[in-house]
$ cat coords-v6.cif   # mmCIF, C-alpha atoms
data_structure
#
loop_
_atom_site.label_atom_id
_atom_site.label_comp_id
_atom_site.auth_asym_id
_atom_site.auth_seq_id
_atom_site.Cartn_x
_atom_site.Cartn_y
_atom_site.Cartn_z
CA MET A 1 181.90 77.21 -57.75
CA LEU A 2 181.84 74.25 -60.16
CA GLN A 3 179.15 71.68 -59.42
CA ARG A 4 180.17 68.02 -58.99
CA SER A 5 176.69 66.50 -59.59
CA ILE A 6 176.84 66.64 -63.39
CA GLY A 7 177.62 62.97 -63.78
CA ARG A 8 180.53 60.61 -64.24
CA GLY A 9 180.90 61.41 -67.92
CA SER A 10 181.68 65.00 -67.14
CA ASN A 11 184.87 64.37 -65.11
CA VAL A 12 187.24 65.08 -68.00
CA ILE A 13 185.33 68.22 -68.99
CA GLU A 14 185.25 69.39 -65.38
CA ARG A 15 188.99 68.91 -64.93
CA ALA A 16 189.64 70.83 -68.15
CA THR A 17 187.33 73.60 -66.99
CA ILE A 18 189.16 73.86 -63.70
CA ALA A 19 192.53 74.01 -65.48
CA VAL A 20 191.33 76.75 -67.86
CA ALA A 21 189.81 78.71 -64.98
CA THR A 22 193.08 78.48 -63.05
CA VAL A 23 195.11 79.74 -66.01
CA LEU A 24 192.69 82.60 -66.56
CA ALA A 25 192.81 83.55 -62.87
CA VAL A 26 196.61 83.67 -62.85
CA THR A 27 196.72 85.58 -66.14
CA CYS A 28 194.22 88.16 -64.94
CA ALA A 29 196.07 88.64 -61.66
CA VAL A 30 199.27 89.31 -63.58
CA SER A 31 198.32 91.32 -66.63
CA ALA A 32 194.68 92.38 -66.77
CA PRO A 33 194.00 96.14 -66.86
CA VAL A 34 192.37 97.62 -63.79
CA GLU A 35 189.43 99.81 -64.79
CA ILE A 36 188.41 102.77 -62.66
CA ALA A 37 184.66 103.32 -62.82
CA ALA A 38 184.50 106.96 -61.76
CA GLN A 39 184.61 109.52 -64.58
CA GLY A 40 187.78 111.52 -64.91
CA LYS A 41 189.99 108.91 -63.27
CA PRO A 42 192.50 107.29 -65.67
CA ALA A 43 192.73 103.52 -65.69
CA ALA A 44 195.92 102.13 -64.20
CA LEU A 45 198.54 100.97 -66.65
CA PRO A 46 198.28 97.21 -67.14
CA PHE A 47 201.50 95.30 -66.61
CA ARG A 48 202.66 91.87 -67.67
CA VAL A 49 205.32 89.92 -65.83
CA ASP A 50 208.46 88.68 -67.56
CA PRO A 51 208.85 85.22 -65.98
CA LEU A 52 212.40 84.77 -67.35
CA TRP A 53 213.88 87.97 -65.92
CA PRO A 54 216.60 88.13 -64.72
CA LYS A 55 218.80 85.53 -66.41
CA PRO A 56 220.22 82.74 -64.23
CA LEU A 57 223.14 83.86 -62.11
CA PRO A 58 226.64 82.35 -62.55
CA ASN A 59 228.59 80.21 -60.11
CA GLY A 60 225.51 78.60 -58.57
CA TRP A 61 224.60 81.93 -56.98
CA ILE A 62 221.18 82.51 -55.46
CA LEU A 63 219.55 85.52 -53.84
CA GLY A 64 218.78 86.01 -50.21
CA SER A 65 216.08 88.34 -48.96
CA VAL A 66 216.01 91.32 -51.33
CA THR A 67 215.89 94.62 -49.44
CA GLY A 68 216.39 97.21 -52.17
CA VAL A 69 215.90 97.80 -55.90
CA ALA A 70 217.02 100.86 -57.90
CA VAL A 71 217.36 101.96 -61.53
CA ASP A 72 220.28 104.14 -62.66
CA ALA A 73 220.61 106.69 -65.48
CA GLN A 74 221.59 103.90 -67.90
CA ASP A 75 218.41 101.95 -67.09
CA HIS A 76 220.51 99.34 -65.32
CA ILE A 77 218.79 97.66 -62.41
CA TRP A 78 220.57 97.41 -59.06
CA ILE A 79 219.56 95.21 -56.17
CA VAL A 80 220.88 94.62 -52.68
CA HIS A 81 220.05 91.49 -50.70
CA ARG A 82 220.90 89.92 -47.37
CA GLY A 83 222.82 86.99 -48.82
CA ALA A 84 223.97 84.14 -46.60
CA ALA A 85 222.42 85.62 -43.46
CA SER A 86 218.95 84.96 -44.91
CA LEU A 87 219.63 81.54 -46.46
CA THR A 88 219.15 78.21 -44.72
CA ALA A 89 220.63 74.77 -45.24
CA ARG A 90 217.15 73.25 -45.20
CA THR A 91 215.66 75.34 -48.01
CA GLU A 92 218.75 76.31 -50.00
CA ASN A 93 220.42 73.02 -50.88
CA GLY A 94 224.07 72.69 -49.97
CA LEU A 95 224.45 75.91 -48.05
CA GLY A 96 226.90 75.71 -45.21
CA THR A 97 228.94 72.82 -46.53
CA ASP A 98 232.34 73.15 -48.13
CA PRO A 99 232.22 72.00 -50.83
CA PRO A 100 228.42 72.31 -51.26
CA THR A 101 226.52 69.04 -51.35
CA ALA A 102 225.11 69.92 -54.77
CA GLU A 103 227.37 70.43 -57.77
CA HIS A 104 225.87 73.70 -59.02
CA CYS A 105 223.87 75.05 -56.10
CA CYS A 106 223.78 76.91 -53.89
CA ARG A 107 226.04 79.79 -53.00
CA PRO A 108 224.91 83.24 -51.88
CA ALA A 109 225.42 85.85 -54.56
CA PRO A 110 227.42 88.97 -53.67
CA PRO A 111 225.17 91.45 -51.86
CA VAL A 112 225.05 94.06 -54.66
CA LEU A 113 224.10 93.04 -58.19
CA GLU A 114 223.78 95.15 -61.35
CA PHE A 115 221.67 93.93 -64.31
CA ASP A 116 221.07 95.33 -67.77
CA GLN A 117 217.62 95.65 -69.33
CA ALA A 118 217.71 92.08 -70.57
CA GLY A 119 218.41 90.76 -67.07
CA VAL A 120 222.05 89.88 -67.75
CA LEU A 121 224.34 90.32 -64.76
CA VAL A 122 226.74 93.23 -65.40
CA SER A 123 228.59 93.53 -62.11
CA SER A 124 228.55 92.26 -58.54
CA TRP A 125 230.28 93.26 -55.32
CA GLY A 126 229.71 94.06 -51.66
CA GLY A 127 230.28 92.68 -48.21
CA PRO A 128 232.73 93.52 -45.43
CA GLY A 129 235.83 95.48 -46.35
CA GLU A 130 238.46 97.83 -45.02
CA GLY A 131 237.46 101.31 -43.92
CA TYR A 132 233.70 100.84 -43.60
CA ASP A 133 231.07 98.85 -41.71
CA TRP A 134 229.07 96.56 -43.96
CA PRO A 135 225.44 96.33 -42.70
CA GLU A 136 224.25 93.54 -40.49
CA SER A 137 221.24 93.76 -42.78
CA PRO A 138 221.12 96.17 -45.74
CA GLY A 139 218.06 98.27 -46.37
CA GLY A 140 217.36 100.22 -49.55
CA ILE A 141 219.72 101.13 -52.39
CA ALA A 142 219.95 104.24 -54.60
CA VAL A 143 222.19 105.20 -57.51
CA ASP A 144 222.78 108.91 -58.11
CA ALA A 145 223.30 110.77 -61.39
CA ASN A 146 227.08 110.29 -61.11
CA GLY A 147 226.76 106.53 -60.72
CA MET A 148 227.48 106.55 -57.00
CA VAL A 149 225.72 103.76 -55.11
CA TRP A 150 224.19 104.46 -51.70
CA ILE A 151 223.08 101.71 -49.30
CA ALA A 152 221.17 102.05 -46.05
CA ALA A 153 222.26 99.88 -43.12
CA ALA A 154 218.94 98.87 -41.59
CA GLY A 155 219.33 95.80 -39.45
CA PHE A 156 219.69 94.32 -36.04
CA PRO A 157 222.67 92.00 -35.63
CA GLU A 158 222.15 88.32 -36.22
CA ALA A 159 221.37 86.14 -33.22
CA PRO A 160 224.65 84.88 -31.71
CA ALA A 161 225.68 81.41 -32.87
CA GLY A 162 224.47 78.55 -30.70
CA ARG A 163 221.43 80.36 -29.37
CA GLY A 164 217.88 79.12 -29.78
CA ARG A 165 218.51 75.54 -30.95
CA GLY A 166 218.84 72.74 -28.45
CA ARG A 167 220.77 74.61 -25.79
CA GLY A 168 220.76 77.69 -23.66
CA ALA A 169 217.68 79.67 -22.73
CA ALA A 170 215.68 78.48 -25.72
CA GLY A 171 216.74 74.87 -25.65
CA GLY A 172 217.19 73.98 -22.00
CA ALA A 173 220.27 72.97 -20.09
CA ALA A 174 222.95 70.84 -21.69
CA ALA A 175 222.52 67.12 -21.15
CA ALA A 176 224.86 65.38 -18.69
CA GLY A 177 228.07 64.30 -20.34
CA ASP A 178 227.86 66.87 -23.13
CA ALA A 179 230.90 68.99 -23.77
CA ALA A 180 230.75 72.47 -22.33
CA ALA A 181 228.89 74.85 -24.60
CA THR A 182 231.10 77.26 -26.48
CA PRO A 183 230.49 80.80 -25.26
CA ALA A 184 228.54 82.84 -27.75
CA PRO A 185 230.37 85.79 -29.27
CA ALA A 186 229.43 89.24 -28.03
CA PRO A 187 226.54 90.71 -30.03
CA ARG A 188 227.52 93.26 -32.64
CA PRO A 189 226.04 96.77 -32.57
CA ILE A 190 222.86 97.58 -34.47
CA ASP A 191 223.09 99.29 -37.85
CA ALA A 192 223.00 103.07 -37.73
CA HIS A 193 224.63 104.28 -40.93
CA VAL A 194 224.57 104.86 -44.68
CA LEU A 195 227.32 103.85 -47.11
CA GLN A 196 228.44 105.34 -50.42
CA PHE A 197 230.39 103.39 -53.08
CA THR A 198 231.41 103.89 -56.69
CA ARG A 199 229.50 101.78 -59.16
CA ALA A 200 232.49 99.42 -59.15
CA GLY A 201 232.18 98.91 -55.40
CA LYS A 202 234.99 101.17 -54.16
CA PHE A 203 234.17 102.66 -50.78
CA VAL A 204 233.70 106.45 -50.73
CA ARG A 205 231.91 107.61 -47.57
CA GLN A 206 230.03 106.49 -44.47
CA ILE A 207 227.46 108.59 -42.61
CA GLY A 208 226.88 107.36 -39.06
CA LYS A 209 228.40 104.45 -37.18
CA PRO A 210 226.99 101.10 -35.98
CA GLY A 211 225.81 101.21 -32.39
CA VAL A 212 225.98 104.99 -32.17
CA THR A 213 222.37 106.15 -31.86
CA GLN A 214 222.28 109.55 -30.22
CA GLY A 215 218.59 110.28 -30.58
CA THR A 216 216.21 112.14 -32.84
CA ASP A 217 218.08 115.46 -32.64
CA SER A 218 221.45 114.04 -33.62
CA GLN A 219 223.15 115.56 -36.67
CA THR A 220 225.78 112.83 -36.90
CA SER A 221 224.04 109.57 -36.03
CA LEU A 222 221.18 107.48 -37.42
CA ASN A 223 219.16 104.52 -36.11
CA ARG A 224 218.51 101.62 -38.49
CA PRO A 225 217.82 103.79 -41.57
CA ALA A 226 215.56 101.94 -43.99
CA ASN A 227 216.18 103.69 -47.30
CA VAL A 228 217.86 106.56 -49.12
CA GLU A 229 217.03 108.95 -51.97
CA ILE A 230 219.31 111.31 -53.90
CA ASP A 231 218.32 114.83 -54.93
CA ALA A 232 220.68 115.43 -57.84
CA ALA A 233 219.68 119.08 -58.27
CA ALA A 234 220.68 120.00 -54.72
CA ASN A 235 223.31 117.27 -54.29
CA GLU A 236 221.58 116.08 -51.14
CA ILE A 237 220.84 112.64 -49.72
CA TYR A 238 217.52 112.04 -48.00
CA VAL A 239 217.56 109.26 -45.41
CA ALA A 240 214.45 107.41 -44.26
CA ASP A 241 215.74 107.20 -40.69
CA GLY A 242 212.74 105.22 -39.77
CA HIS A 243 213.13 102.35 -37.33
CA GLY A 244 214.39 104.24 -34.31
CA ASN A 245 214.35 107.97 -34.99
CA ARG A 246 211.15 108.06 -37.11
CA ARG A 247 212.29 111.01 -39.21
CA VAL A 248 213.54 112.14 -42.59
CA ALA A 249 217.13 113.36 -42.30
CA VAL A 250 218.86 115.30 -45.11
CA PHE A 251 222.64 115.41 -45.61
CA ASP A 252 225.01 117.00 -48.09
CA ALA A 253 225.83 114.24 -50.57
CA ALA A 254 229.35 115.57 -51.19
CA THR A 255 230.45 116.00 -47.59
CA GLY A 256 228.00 114.04 -45.45
CA ALA A 257 227.20 117.17 -43.41
CA PHE A 258 223.77 117.31 -41.78
CA LYS A 259 221.37 119.89 -43.26
CA ARG A 260 217.83 119.42 -41.87
CA GLN A 261 215.23 116.94 -40.62
CA TRP A 262 211.52 116.56 -40.02
CA ALA A 263 208.88 114.08 -38.86
CA ALA A 264 205.16 113.55 -39.58
CA TYR A 265 203.24 116.67 -40.63
CA GLY A 266 206.54 118.55 -40.75
CA THR A 267 206.95 118.55 -36.97
CA ALA A 268 210.08 117.89 -34.95
CA PRO A 269 210.92 114.19 -34.44
CA ASP A 270 209.62 112.64 -31.24
CA ALA A 271 211.42 109.77 -29.53
CA THR A 272 208.26 108.61 -27.74
CA ALA A 273 207.21 105.14 -28.93
CA PRO A 274 203.77 105.47 -30.57
CA GLY A 275 202.47 102.04 -29.51
CA PRO A 276 200.66 99.51 -31.71
CA TYR A 277 198.74 100.74 -34.74
CA ASP A 278 194.97 100.91 -34.28
CA PRO A 279 192.93 101.51 -37.46
CA ALA A 280 190.03 102.84 -35.37
CA ALA A 281 192.16 105.44 -33.60
CA PRO A 282 192.76 109.01 -34.84
CA LEU A 283 195.64 109.42 -37.28
CA ALA A 284 198.98 109.27 -35.49
CA LYS A 285 200.78 112.57 -35.01
CA GLN A 286 204.16 110.90 -35.52
CA PHE A 287 205.61 108.42 -37.96
CA ARG A 288 205.76 104.79 -36.85
CA THR A 289 208.29 103.43 -39.35
CA VAL A 290 209.71 105.64 -42.10
CA SER A 291 210.52 103.00 -44.70
CA CYS A 292 211.14 105.13 -47.80
CA VAL A 293 211.53 108.62 -49.18
CA THR A 294 211.08 109.42 -52.90
CA ILE A 295 211.49 112.76 -54.71
CA ALA A 296 209.47 113.69 -57.80
CA LYS A 297 210.75 115.88 -60.63
CA ASP A 298 208.63 118.78 -59.39
CA GLY A 299 210.31 118.65 -55.96
CA MET A 300 207.54 116.96 -54.01
CA VAL A 301 208.88 114.51 -51.41
CA TYR A 302 206.91 111.32 -50.76
CA VAL A 303 207.48 109.51 -47.47
CA CYS A 304 206.40 105.95 -46.59
CA ASP A 305 204.94 105.77 -43.09
CA ARG A 306 204.75 102.01 -43.33
CA GLN A 307 202.96 100.87 -40.18
CA ASN A 308 200.60 103.85 -40.23
CA ASN A 309 199.50 102.72 -43.72
CA ARG A 310 200.00 106.15 -45.20
CA VAL A 311 201.95 108.29 -47.63
CA GLN A 312 202.80 111.82 -46.57
CA VAL A 313 203.88 114.50 -49.03
CA PHE A 314 206.25 117.39 -48.24
CA SER A 315 208.16 120.14 -49.95
CA LYS A 316 211.93 119.79 -49.82
CA ASP A 317 212.15 122.02 -46.77
CA GLY A 318 209.93 119.63 -44.80
CA LYS A 319 206.66 121.57 -45.07
CA PHE A 320 203.69 119.17 -44.97
CA VAL A 321 201.49 119.23 -48.09
CA LYS A 322 199.03 116.30 -47.94
CA GLU A 323 198.66 112.61 -47.13
CA ALA A 324 196.83 109.47 -48.22
CA ILE A 325 195.82 106.39 -46.28
CA VAL A 326 196.48 103.08 -48.05
CA SER A 327 194.63 100.00 -46.77
CA LYS A 328 193.70 101.46 -43.40
CA ALA A 329 192.80 98.10 -41.84
CA THR A 330 196.17 96.45 -42.56
CA LEU A 331 198.06 95.51 -39.39
CA GLY A 332 201.46 93.89 -38.78
CA ASN A 333 204.16 95.45 -40.94
CA GLY A 334 201.74 97.85 -42.60
CA ALA A 335 200.84 98.60 -46.21
CA VAL A 336 203.30 101.27 -47.46
CA TRP A 337 206.79 99.76 -47.81
CA ASP A 338 208.29 101.56 -50.80
CA ILE A 339 207.25 104.04 -53.49
CA ALA A 340 208.24 104.51 -57.14
CA LEU A 341 207.07 107.17 -59.59
CA SER A 342 205.73 106.39 -63.06
CA SER A 343 208.02 107.14 -66.01
CA ASP A 344 205.82 109.63 -67.89
CA ALA A 345 207.00 113.24 -67.97
CA ALA A 346 204.47 114.39 -65.36
CA GLN A 347 204.99 111.31 -63.17
CA ARG A 348 201.23 111.01 -62.83
CA GLN A 349 201.22 107.88 -60.71
CA LEU A 350 202.68 106.54 -57.48
CA LEU A 351 203.37 102.81 -57.35
CA ILE A 352 203.40 101.51 -53.79
CA ALA A 353 204.87 98.18 -52.68
CA ASP A 354 202.45 96.74 -50.12
CA GLY A 355 204.44 93.89 -48.63
CA THR A 356 201.78 92.84 -46.13
CA ASP A 357 198.88 92.62 -48.58
CA GLN A 358 201.23 91.26 -51.29
CA LYS A 359 200.42 93.67 -54.11
CA ILE A 360 201.35 96.90 -55.86
CA VAL A 361 198.92 99.75 -55.22
CA ILE A 362 198.72 102.60 -57.74
CA LEU A 363 197.65 106.13 -56.76
CA ARG A 364 197.13 109.24 -58.86
CA ARG A 365 199.86 111.63 -57.84
CA ASP A 366 197.77 114.80 -58.12
CA THR A 367 194.92 113.64 -55.87
CA LEU A 368 196.43 110.59 -54.13
CA SER A 369 193.24 108.75 -55.08
CA PRO A 370 193.25 105.04 -56.05
CA ALA A 371 194.08 104.30 -59.69
CA GLY A 372 194.41 100.51 -59.56
CA GLU A 373 196.57 97.69 -58.29
CA PHE A 374 198.16 94.47 -59.48
CA GLY A 375 199.62 91.30 -58.02
CA ALA A 376 198.50 88.83 -55.37
CA GLY A 377 200.09 86.65 -52.72
CA GLY A 378 201.89 83.56 -53.98
CA ARG A 379 205.00 82.07 -55.56
CA TRP A 380 203.94 82.25 -59.22
CA PRO A 381 205.37 84.84 -61.61
CA GLY A 382 203.49 88.07 -61.10
CA HIS A 383 202.57 87.21 -57.52
CA PHE A 384 204.41 88.32 -54.40
CA TYR A 385 205.73 87.23 -51.04
CA GLY A 386 207.09 90.16 -49.03
CA VAL A 387 207.27 92.71 -51.87
CA GLY A 388 209.24 95.40 -50.09
CA SER A 389 210.99 97.41 -52.81
CA ILE A 390 210.02 98.85 -56.19
CA ALA A 391 211.63 100.88 -58.98
CA VAL A 392 210.65 102.06 -62.48
CA ASP A 393 212.93 102.57 -65.49
CA SER A 394 212.63 105.20 -68.25
CA ARG A 395 210.54 102.84 -70.41
CA GLY A 396 207.95 102.28 -67.72
CA ASN A 397 209.10 98.81 -66.72
CA VAL A 398 208.49 98.05 -63.05
CA TYR A 399 210.98 96.09 -60.93
CA THR A 400 210.09 94.59 -57.56
CA GLY A 401 212.15 92.97 -54.83
CA GLU A 402 210.82 90.47 -52.31
CA THR A 403 212.23 90.20 -48.83
CA PHE A 404 211.75 87.59 -46.08
CA GLU A 405 211.40 84.21 -47.82
CA GLY A 406 210.42 85.79 -51.17
CA LYS A 407 214.08 86.13 -52.20
CA ARG A 408 213.60 87.26 -55.78
CA VAL A 409 213.26 90.20 -58.16
CA GLN A 410 210.63 90.49 -60.89
CA LYS A 411 210.14 92.65 -63.96
CA PHE A 412 206.77 93.91 -65.17
CA ALA A 413 206.47 95.53 -68.59
CA PRO A 414 203.59 97.89 -69.42
CA SER A 415 201.14 96.45 -71.93
CA ARG A 416 200.84 98.86 -74.83
#
$ encode --input "coords-v6.cif" --output "structure tokens"
Amino acid sequence: MLQRSIGRGSNVIERATIAVATVLAVTCAVSAPVEIAAQGKPAALPFRVDPLWPKPLPNGWILGSVTGVAVDAQDHIWIVHRGAASLTARTENGLGTDPPTAEHCCRPAPPVLEFDQAGVLVSSWGGPGEGYDWPESPGGIAVDANGMVWIAAAGFPEAPAGRGRGRGAAGGAAAAGDAAATPAPAPRPIDAHVLQFTRAGKFVRQIGKPGVTQGTDSQTSLNRPANVEIDAAANEIYVADGHGNRRVAVFDAATGAFKRQWAAYGTAPDATAPGPYDPAAPLAKQFRTVSCVTIAKDGMVYVCDRQNNRVQVFSKDGKFVKEAIVSKATLGNGAVWDIALSSDAAQRQLLIADGTDQKIVILRRDTLSPAGEFGAGGRWPGHFYGVGSIAVDSRGNVYTGETFEGKRVQKFAPSR
């Protein structure tokens, strides 16, 4: 801590010292290498944030809560976000007025956006359409080797209009003389499906149906799936069916036919609610929230058990291999939100988005031991608020998406 008893003449020097210290602190949090003291453990790759990525969007568009980030075979970056449902008139100027109160801001961008390496917008699409059920809230996004785009439908429906502000159960009875309250529309069913589109946004297939949640043994229904992963070699889609069914479900990517499923430790899914997470309790025998599934080149399958703060590893047939605990003491939404694999040929590292502790945790893939971390909580470039999704391109660049009120994507380049 700087001392303030140096004397009046030192005020200018002290202010300069504070400014330099602040800059150094931010710089270190963003780009400093993380050294691992133990012999034989490689230091984590240092990353530097690109504060000007992506380029400004056209048409006064802004992002809502980002729920998924993916990289395709062309090293294009895809994101999906919640759009207008996550924007507010108070914080996003002009929203909800037609025309907007501001000349150039703000309109929600289309839900699906494709960027090139430079951060230039290449394409945009998404939203309700004929023949499919657009999510109440999208989850993760994946792009397969053929350029097909898969989106998980992960959300509860929005609160009915007119509820919770000034009237009704949350706001008390209507005042005398007020006009009769307009009846709220019937609530829509919860998300329970996965969607497939061409890269141009043409609908191809839907697995599951909103509101149809037939339990953990169902071969045709899901329950708020959080994320998806494509196994190009087997032409299969792995679904992190994690909010209600707490399982990994595998389908044929060409037909949508169910193939297999498993839960924690390779056991059968269990519909019993596990209760609140307790870091002092024995490790849970079932998943709490399956928030991601990621497949390595060697066929190992990595599953995010978000609120149990752990990564579990399986073979493709669901046989349990090993696990790692990440930030055991973290409560709330947990520490393991999404996983990406490093771009080297052996994929030696796992990069984990820890949206509660607001950082990226890096593990060695062979031992699942810590290899470093980067980021911190905050609004500055290189910091995070609700970092819930992560992807890596062929050059080793890392892309992160922030949900809740974070509402942005960031790019981190490896320092060579």
$ closest_residue --input "coords-v6.cif" --among "A:Pro185, A:Gly275, A:Gly242, A:Pro58" --to "A:Val293" --atoms "all atoms listed in the file"
A:Gly242
$ residues_around --input "coords-v6.cif" --residues "A:Thr67" --least-positions-apart "2" --cutoff "8 Å" --atoms "all atoms listed in the file" --output "list in words"
Ser65, Val69, Ile79, Val80, His81, Arg82, Pro138, Gly139, Gly140, Gly388, Ser389, Gly401, Glu402 and Thr403 of chain A
$ resolve_selection --input "coords-v6.cif" --expression "the PyMOL selection byres ((chain A and resi 296) around 12)" --output "ChimeraX atom specification"
/A:229-233,293-295,297-303,313-316,339-350,365-366
$ residues_around --input "coords-v6.cif" --residues "A:Arg306" --least-positions-apart "2" --cutoff "8 Å" --atoms "only C-alpha atoms" --output "PDB file with C-alpha atoms, keeping the file's coordinate frame"
ATOM      1  CA  ARG A 288     205.760 104.790 -36.850  1.00  0.00           C
ATOM      2  CA  THR A 289     208.290 103.430 -39.350  1.00  0.00           C
ATOM      3  CA  VAL A 290     209.710 105.640 -42.100  1.00  0.00           C
ATOM      4  CA  SER A 291     210.520 103.000 -44.700  1.00  0.00           C
ATOM      5  CA  CYS A 304     206.400 105.950 -46.590  1.00  0.00           C
ATOM      6  CA  ASN A 308     200.600 103.850 -40.230  1.00  0.00           C
ATOM      7  CA  ASN A 309     199.500 102.720 -43.720  1.00  0.00           C
ATOM      8  CA  ARG A 310     200.000 106.150 -45.200  1.00  0.00           C
ATOM      9  CA  ASN A 333     204.160  95.450 -40.940  1.00  0.00           C
ATOM     10  CA  GLY A 334     201.740  97.850 -42.600  1.00  0.00           C
ATOM     11  CA  ALA A 335     200.840  98.600 -46.210  1.00  0.00           C
ATOM     12  CA  VAL A 336     203.300 101.270 -47.460  1.00  0.00           C
ATOM     13  CA  TRP A 337     206.790  99.760 -47.810  1.00  0.00           C
TER      14      TRP A 337
END
$ closest_residue --input "coords-v6.cif" --among "A:Arg107, A:Gly201, A:Gln214, A:Ala192" --to "A:Pro128" --atoms "all atoms listed in the file"
A:Gly201
$ closest_residue --input "coords-v6.cif" --among "A:Gly386, A:Pro381, A:Gly131, A:Pro56" --to "A:Asp354" --atoms "all atoms listed in the file"
A:Gly386
$ resolve_selection --input "coords-v6.cif" --expression "the PyMOL selection byres ((chain A and resi 241) around 10)" --output "PyMOL selection string"
chain A and resi 152+154+192-194+216+221-228+238-240+242-250+261+263+289-293
$ write_last_selection --input "coords-v6.cif" --atoms "C-alpha atoms" --output "PDB file, in the frame of the given file"
ATOM      1  CA  ALA A 152     221.170 102.050 -46.050  1.00  0.00           C
ATOM      2  CA  ALA A 154     218.940  98.870 -41.590  1.00  0.00           C
ATOM      3  CA  ALA A 192     223.000 103.070 -37.730  1.00  0.00           C
ATOM      4  CA  HIS A 193     224.630 104.280 -40.930  1.00  0.00           C
ATOM      5  CA  VAL A 194     224.570 104.860 -44.680  1.00  0.00           C
ATOM      6  CA  THR A 216     216.210 112.140 -32.840  1.00  0.00           C
ATOM      7  CA  SER A 221     224.040 109.570 -36.030  1.00  0.00           C
ATOM      8  CA  LEU A 222     221.180 107.480 -37.420  1.00  0.00           C
ATOM      9  CA  ASN A 223     219.160 104.520 -36.110  1.00  0.00           C
ATOM     10  CA  ARG A 224     218.510 101.620 -38.490  1.00  0.00           C
ATOM     11  CA  PRO A 225     217.820 103.790 -41.570  1.00  0.00           C
ATOM     12  CA  ALA A 226     215.560 101.940 -43.990  1.00  0.00           C
ATOM     13  CA  ASN A 227     216.180 103.690 -47.300  1.00  0.00           C
ATOM     14  CA  VAL A 228     217.860 106.560 -49.120  1.00  0.00           C
ATOM     15  CA  TYR A 238     217.520 112.040 -48.000  1.00  0.00           C
ATOM     16  CA  VAL A 239     217.560 109.260 -45.410  1.00  0.00           C
ATOM     17  CA  ALA A 240     214.450 107.410 -44.260  1.00  0.00           C
ATOM     18  CA  GLY A 242     212.740 105.220 -39.770  1.00  0.00           C
ATOM     19  CA  HIS A 243     213.130 102.350 -37.330  1.00  0.00           C
ATOM     20  CA  GLY A 244     214.390 104.240 -34.310  1.00  0.00           C
ATOM     21  CA  ASN A 245     214.350 107.970 -34.990  1.00  0.00           C
ATOM     22  CA  ARG A 246     211.150 108.060 -37.110  1.00  0.00           C
ATOM     23  CA  ARG A 247     212.290 111.010 -39.210  1.00  0.00           C
ATOM     24  CA  VAL A 248     213.540 112.140 -42.590  1.00  0.00           C
ATOM     25  CA  ALA A 249     217.130 113.360 -42.300  1.00  0.00           C
ATOM     26  CA  VAL A 250     218.860 115.300 -45.110  1.00  0.00           C
ATOM     27  CA  GLN A 261     215.230 116.940 -40.620  1.00  0.00           C
ATOM     28  CA  ALA A 263     208.880 114.080 -38.860  1.00  0.00           C
ATOM     29  CA  THR A 289     208.290 103.430 -39.350  1.00  0.00           C
ATOM     30  CA  VAL A 290     209.710 105.640 -42.100  1.00  0.00           C
ATOM     31  CA  SER A 291     210.520 103.000 -44.700  1.00  0.00           C
ATOM     32  CA  CYS A 292     211.140 105.130 -47.800  1.00  0.00           C
ATOM     33  CA  VAL A 293     211.530 108.620 -49.180  1.00  0.00           C
TER      34      VAL A 293
END
$ decode --input "coords-v6.cif" --residues "stretch 333-353 of chain A" --atoms "C-alpha atoms" --output "CSV table (one decimal), in the first residue's frame"
chain,number,residue,atom,x,y,z
A,333,ASN,CA,-23.3,-21.3,-10.8
A,334,GLY,CA,-20.0,-23.2,-10.3
A,335,ALA,CA,-16.6,-23.0,-11.9
A,336,VAL,CA,-16.7,-25.2,-15.1
A,337,TRP,CA,-18.9,-23.5,-17.7
A,338,ASP,CA,-17.3,-24.4,-21.0
A,339,ILE,CA,-14.1,-26.1,-22.3
A,340,ALA,CA,-11.9,-25.6,-25.4
A,341,LEU,CA,-8.8,-27.5,-26.4
A,342,SER,CA,-5.5,-25.9,-27.3
A,343,SER,CA,-4.6,-25.8,-31.0
A,344,ASP,CA,-1.3,-27.7,-30.9
A,345,ALA,CA,-1.3,-31.1,-32.6
A,346,ALA,CA,-1.5,-33.0,-29.3
A,347,GLN,CA,-4.0,-30.6,-27.8
A,348,ARG,CA,-2.0,-30.6,-24.6
A,349,GLN,CA,-4.2,-28.1,-22.7
A,350,LEU,CA,-7.8,-27.6,-21.6
A,351,LEU,CA,-9.0,-24.0,-21.4
A,352,ILE,CA,-12.0,-23.7,-19.0
A,353,ALA,CA,-14.3,-20.8,-18.9
